[in-house]
There are 2 protein chains.
Amino acid sequence: MSAIALQGSRIMVVGGASLVGSATVEALLARGAAQVVIYDNLSFDGEANIAHLKDDPRVRILAGDVLKLHQLLPATEGLDGIVHLAAFMTLNFDRDPWGGIDVNIRGLQNVLEACRANRVRKLVFASSNAVYGYGPGVKGDLVETTPFHAAGAPPAAILYGASKIMGEQLCRDAHRRHGLDYVVLRYSTVYGERQHYRAANALYIVETHDAIKRGERPKVIGDGSETKHFVYVGDLARANCMALEAPATDIALNASGPAPVATLELVRLVAELAGRPDLAPELVPPDPNKVRLTSGGAFAIVHAAAKEAIGWEPQVDMREGLRRLLAWRDGAG
Amino acid sequence: MSAIALQGSRIMVVGGASLVGSATVEALLARGAAQVVIYDNLSFDGEANIAHLKDDPRVRILAGDVLKLHQLLPATEGLDGIVHLAAFMTLNFDRDPWGGIDVNIRGLQNVLEACRANRVRKLVFASSNAVYGYGPGVKGDLVETTPFHAAGAPPAAILYGASKIMGEQLCRDAHRRHGLDYVVLRYSTVYGERQHYRAANALYIVETHDAIKRGERPKVIGDGSETKHFVYVGDLARANCMALEAPATDIALNASGPAPVATLELVRLVAELAGRPDLAPELVPPDPNKVRLTSGGAFAIVHAAAKEAIGWEPQVDMREGLRRLLAWRDGAG
């Protein structure tokens, strides 16, 4: 039962130059961490995401690969805790499924081995509501014991979800074998400042915003009735910190936003916040060549267990979170 | 849509020296294969399992490792089809989960790469009803779209099931990318001649038989009411052949025996067939340190889709299959 006092701590964020990573580094610093190591291969928008952090004397940036144990082992010496975020998501699994298996499974194994070798006290592992699967079988309240629905889903989506199921079990196994304390957080779809184009579900936000800025009607695939359940990136960064701070261990917890939203409602909200409520969504049929994850049913990802175990609940609703995201995009763009 | 005429064909069985492998090699030879390559690392009882096959001029034995592409690539030149069986099951995943991930995922990736490189026309991949998971959530009719239940299961069981879920998707991905034809067969618990001690559910058969031979009452963990659904090894060997022969591709099919059986009923049947119906089962509480897979509910693994897609259905009921298994053990022991 390792509860890590973040004040004065040394924490590494693997995948620290990502959307969630950069927000987590900010949150760790705000809670008084003495050193935050950003371990990241700096692919994608990595350097831009952490440009505002790189001159902080408490921040150490290591351009390292999670697949290279000889880089991870020295990097993890003397740490109190690790937040492990580095992963392929569904869109990248679609492009390169074997690479996704390497990063999501072998990469986590390397981090677990580094924790064991260097006696790191606690790991927060970023899992996903993808462990509940995809498609019309996913409906109602999704709690931590909900099974994995795969029927009819594309290979990339199933591979991604299964890689997270296996990752959670590798953490359990490390706890049993080596006493590693860990908390799994099953993130729902993340959105917020530094939003990218690599997450299938969050594409609706950025693509809608792009369309609005071009003066075009935003597109919605299908009838837009299917549910998405987002969580604001700042809320997740706080969840990562609280998972380190709490005595909780050997547990998997949903981390979702205040409430789910229907796709059509989301797109209308983005249009409204972008000042063009008149640009009504245009419904288009699905493109069979593109991985777009839709669910026929309505679901909600219940985060009550996280409140119970680590005291966390989301604070930022979609209107406020989207307002911040659009303001960042307008400033950055 | 590759339908392989087995007469005159060249087929490799990866894991060919196993329980299912050795029976599959026999079945392929009986159907007129010109050459059957047994690719196996000859761990466990491998050499004993294929001793009766090694002098057949059509059999070629390669002591190779599924993790070594430089062994697999030359071994797979000129083949018409591959039956891929090599895998860790739950008990071995419990002892060495990382080794299980290597063999079940990386090993399959290597086989898929060998199929692509050498233009092998069809692959039969041995999956498992472990893709439906474990525990009380697994009940009723299990069909190919049933979700994966993991709540409450030990890490090894979840890792094993998830490794098979991922394996199936890697086959789908290879079909989409490279046009590889494949059939996934989701084996239920196998039993038959050359039965070993490495399969958690089939342990009831061999351990009961051992107890009876010592004149002891067989032990049943819990109340013995939970369901097991076995399939006779000869039926599976035939399923592997029929999956190669049928035009079916890009499909996953259950391969289970005629009917499920309750554990208590199974143990009584073994005692009866071993000539000691008087040795009544003794109910013992579960040992928390041992991986024993029990399900609170009653389930049946439905094999109707296999009948539809490849014309297969099981022929050997448990009484006859157990009679053959015990006769083999009495002869071998």
# chains A, B, ... in the order shown; residues from 1 in each chain; ligands from 1
$ select_by_dssp --residues "region 68-292 of chain A" --states "strand (DSSP E or B)" --output "JSON, numbers by chain"
{"A": [81, 82, 83, 84, 122, 123, 124, 125, 126, 127, 128, 133, 140, 141, 142, 148, 149, 181, 182, 183, 184, 185, 186, 187, 189, 190, 191, 219, 220, 221, 227, 228, 230, 231, 232, 251, 252, 253, 254, 255, 261, 262, 282, 283, 284]}
$ closest_atom_pairs --of "chain B" --to "chain A" --cutoff "7 Å" --atoms "only C-alpha atoms" --output "Markdown table"
| residue | atom | partner | partner_atom | distance |
| --- | --- | --- | --- | --- |
| B:Thr145 | CA | A:Ala151 | CA | 5.1 |
| B:Pro147 | CA | A:His149 | CA | 4.6 |
| B:Phe148 | CA | A:Phe148 | CA | 4.9 |
| B:His149 | CA | A:Pro147 | CA | 4.6 |
| B:Ala150 | CA | A:Pro147 | CA | 6.5 |
| B:Ala151 | CA | A:Thr145 | CA | 5.1 |
| B:Pro155 | CA | A:Gln169 | CA | 5.2 |
| B:Leu159 | CA | A:Met166 | CA | 5.6 |
| B:Ala162 | CA | A:Ala162 | CA | 5.8 |
| B:Met166 | CA | A:Leu159 | CA | 5.6 |
| B:Gln169 | CA | A:Pro155 | CA | 5.2 |
| B:Arg172 | CA | A:Pro155 | CA | 6.7 |
| B:Asp173 | CA | A:Pro155 | CA | 6.4 |
$ write_last_selection --atoms "N, CA and C atoms" --output "compact mmCIF listing (two decimals), in the first residue's frame"
# COMPACT_ATOMS: atom_id res chain seq x y z
N THR B 145 -20.33 -14.80 -30.86
CA THR B 145 -20.39 -13.37 -30.53
C THR B 145 -20.45 -13.10 -29.03
N PRO B 147 -19.45 -12.13 -25.41
CA PRO B 147 -18.32 -11.31 -24.96
C PRO B 147 -17.38 -12.05 -24.00
N PHE B 148 -16.27 -11.38 -23.68
CA PHE B 148 -15.20 -11.93 -22.84
C PHE B 148 -15.43 -11.48 -21.40
N HIS B 149 -15.69 -12.43 -20.53
CA HIS B 149 -15.91 -12.12 -19.11
C HIS B 149 -14.61 -12.35 -18.34
N ALA B 150 -14.14 -11.35 -17.64
CA ALA B 150 -12.87 -11.49 -16.94
C ALA B 150 -12.98 -11.23 -15.45
N ALA B 151 -14.06 -10.60 -15.01
CA ALA B 151 -14.14 -10.17 -13.59
C ALA B 151 -13.93 -11.35 -12.66
N PRO B 155 -5.05 -13.66 -13.08
CA PRO B 155 -4.33 -13.03 -14.19
C PRO B 155 -3.99 -14.00 -15.32
N LEU B 159 -4.95 -13.41 -19.14
CA LEU B 159 -3.88 -13.24 -20.13
C LEU B 159 -4.00 -14.29 -21.24
N ALA B 162 -7.05 -13.38 -23.43
CA ALA B 162 -6.78 -12.18 -24.22
C ALA B 162 -5.74 -12.46 -25.30
N MET B 166 -6.39 -11.66 -29.21
CA MET B 166 -5.47 -10.91 -30.07
C MET B 166 -5.01 -11.78 -31.24
N GLN B 169 -7.40 -11.74 -34.03
CA GLN B 169 -7.40 -10.46 -34.75
C GLN B 169 -6.16 -10.31 -35.63
N ARG B 172 -7.14 -12.00 -38.71
CA ARG B 172 -8.01 -11.13 -39.52
C ARG B 172 -7.19 -10.05 -40.23
N ASP B 173 -6.25 -9.49 -39.48
CA ASP B 173 -5.43 -8.43 -40.05
C ASP B 173 -4.59 -8.96 -41.22
$ residues_around --residues "region 249-261 of chain B" --least-positions-apart "6" --cutoff "7 Å" --atoms "only C-alpha atoms" --output "PyMOL selection string"
chain B and resi 1+144+172+175+181-188+227-232+300-303+305-306+314+317
$ residues_around --residues "Pro247 (chain B)" --least-positions-apart "5" --cutoff "8 Å" --atoms "only C-alpha atoms" --output "MDAnalysis selection string"
chainID B and resid 1:4 310
$ closest_residue --among "B:Ala174, B:Ala17, B:Leu72, B:Ala274" --to "Ala114 (chain B)" --atoms "only C-alpha atoms"
B:Leu72
$ select_by_dssp --residues "region 127-182 of chain A" --states "helix (DSSP H, G or I)" --output "number ranges by chain"
A: 129-132, 155-178
$ write_last_selection --atoms "N, CA, C and O atoms" --output "short mmCIF file (atom, residue, chain, number, x, y, z; two decimals), in the first residue's frame"
data_model
loop_
_atom_site.label_atom_id
_atom_site.label_comp_id
_atom_site.auth_asym_id
_atom_site.auth_seq_id
_atom_site.Cartn_x
_atom_site.Cartn_y
_atom_site.Cartn_z
N ASN A 129 -11.38 2.64 -21.48
CA ASN A 129 -12.70 1.99 -21.54
C ASN A 129 -12.80 1.08 -22.77
O ASN A 129 -13.81 0.39 -22.92
N ALA A 130 -11.77 1.05 -23.59
CA ALA A 130 -11.72 0.05 -24.67
C ALA A 130 -11.75 -1.37 -24.11
O ALA A 130 -12.04 -2.30 -24.85
N VAL A 131 -11.47 -1.54 -22.81
CA VAL A 131 -11.58 -2.89 -22.22
C VAL A 131 -13.04 -3.35 -22.14
O VAL A 131 -13.28 -4.51 -21.82
N TYR A 132 -13.98 -2.47 -22.38
CA TYR A 132 -15.39 -2.89 -22.47
C TYR A 132 -15.80 -3.15 -23.91
O TYR A 132 -16.93 -3.56 -24.18
N PRO A 155 -10.53 -5.12 -36.46
CA PRO A 155 -9.39 -5.73 -35.76
C PRO A 155 -8.62 -4.73 -34.89
O PRO A 155 -8.25 -5.06 -33.75
N ALA A 156 -8.40 -3.53 -35.39
CA ALA A 156 -7.59 -2.57 -34.65
C ALA A 156 -8.22 -2.23 -33.30
O ALA A 156 -7.53 -2.08 -32.29
N ALA A 157 -9.54 -2.13 -33.28
CA ALA A 157 -10.22 -1.78 -32.04
C ALA A 157 -10.13 -2.93 -31.03
O ALA A 157 -9.92 -2.71 -29.83
N ILE A 158 -10.28 -4.15 -31.52
CA ILE A 158 -10.20 -5.30 -30.63
C ILE A 158 -8.77 -5.48 -30.13
O ILE A 158 -8.54 -5.74 -28.94
N LEU A 159 -7.81 -5.32 -31.03
CA LEU A 159 -6.41 -5.44 -30.62
C LEU A 159 -6.06 -4.39 -29.56
O LEU A 159 -5.38 -4.69 -28.57
N TYR A 160 -6.53 -3.17 -29.77
CA TYR A 160 -6.24 -2.12 -28.79
C TYR A 160 -6.87 -2.48 -27.43
O TYR A 160 -6.19 -2.46 -26.40
N GLY A 161 -8.15 -2.82 -27.44
CA GLY A 161 -8.81 -3.17 -26.17
C GLY A 161 -8.14 -4.35 -25.49
O GLY A 161 -7.89 -4.32 -24.27
N ALA A 162 -7.83 -5.39 -26.26
CA ALA A 162 -7.19 -6.57 -25.67
C ALA A 162 -5.80 -6.26 -25.15
O ALA A 162 -5.35 -6.82 -24.14
N SER A 163 -5.10 -5.32 -25.83
CA SER A 163 -3.76 -4.96 -25.33
C SER A 163 -3.86 -4.30 -23.97
O SER A 163 -2.98 -4.45 -23.12
N LYS A 164 -4.94 -3.55 -23.75
CA LYS A 164 -5.13 -2.91 -22.45
C LYS A 164 -5.57 -3.94 -21.40
O LYS A 164 -5.16 -3.87 -20.23
N ILE A 165 -6.42 -4.90 -21.80
CA ILE A 165 -6.80 -5.98 -20.88
C ILE A 165 -5.54 -6.73 -20.42
O ILE A 165 -5.36 -7.01 -19.23
N MET A 166 -4.67 -7.04 -21.37
CA MET A 166 -3.44 -7.75 -21.01
C MET A 166 -2.54 -6.87 -20.15
O MET A 166 -1.94 -7.34 -19.17
N GLY A 167 -2.45 -5.60 -20.47
CA GLY A 167 -1.62 -4.69 -19.69
C GLY A 167 -2.05 -4.64 -18.23
O GLY A 167 -1.22 -4.68 -17.31
N GLU A 168 -3.35 -4.58 -18.01
CA GLU A 168 -3.85 -4.56 -16.62
C GLU A 168 -3.42 -5.83 -15.88
O GLU A 168 -3.06 -5.79 -14.70
N GLN A 169 -3.48 -6.96 -16.58
CA GLN A 169 -3.13 -8.22 -15.93
C GLN A 169 -1.63 -8.33 -15.69
O GLN A 169 -1.20 -8.96 -14.72
N LEU A 170 -0.83 -7.72 -16.56
CA LEU A 170 0.61 -7.70 -16.32
C LEU A 170 0.93 -6.90 -15.06
O LEU A 170 1.83 -7.25 -14.30
N CYS A 171 0.15 -5.84 -14.81
CA CYS A 171 0.32 -5.08 -13.56
C CYS A 171 -0.07 -5.96 -12.36
O CYS A 171 0.65 -6.00 -11.35
N ARG A 172 -1.20 -6.65 -12.46
CA ARG A 172 -1.62 -7.55 -11.37
C ARG A 172 -0.54 -8.60 -11.10
O ARG A 172 -0.24 -8.92 -9.95
N ASP A 173 0.00 -9.14 -12.17
CA ASP A 173 1.02 -10.17 -12.03
C ASP A 173 2.27 -9.61 -11.35
O ASP A 173 2.87 -10.26 -10.47
N ALA A 174 2.66 -8.38 -11.71
CA ALA A 174 3.84 -7.75 -11.08
C ALA A 174 3.57 -7.47 -9.60
O ALA A 174 4.47 -7.57 -8.76
N HIS A 175 2.34 -7.14 -9.28
CA HIS A 175 1.97 -6.93 -7.87
C HIS A 175 2.13 -8.24 -7.09
O HIS A 175 2.70 -8.26 -6.01
N ARG A 176 1.65 -9.33 -7.67
CA ARG A 176 1.71 -10.61 -6.96
C ARG A 176 3.14 -11.13 -6.86
O ARG A 176 3.52 -11.70 -5.84
N ARG A 177 3.89 -10.96 -7.94
CA ARG A 177 5.24 -11.53 -7.95
C ARG A 177 6.25 -10.66 -7.22
O ARG A 177 7.15 -11.18 -6.55
N HIS A 178 6.15 -9.35 -7.40
CA HIS A 178 7.22 -8.46 -6.93
C HIS A 178 6.72 -7.42 -5.94
O HIS A 178 7.49 -6.57 -5.51
#
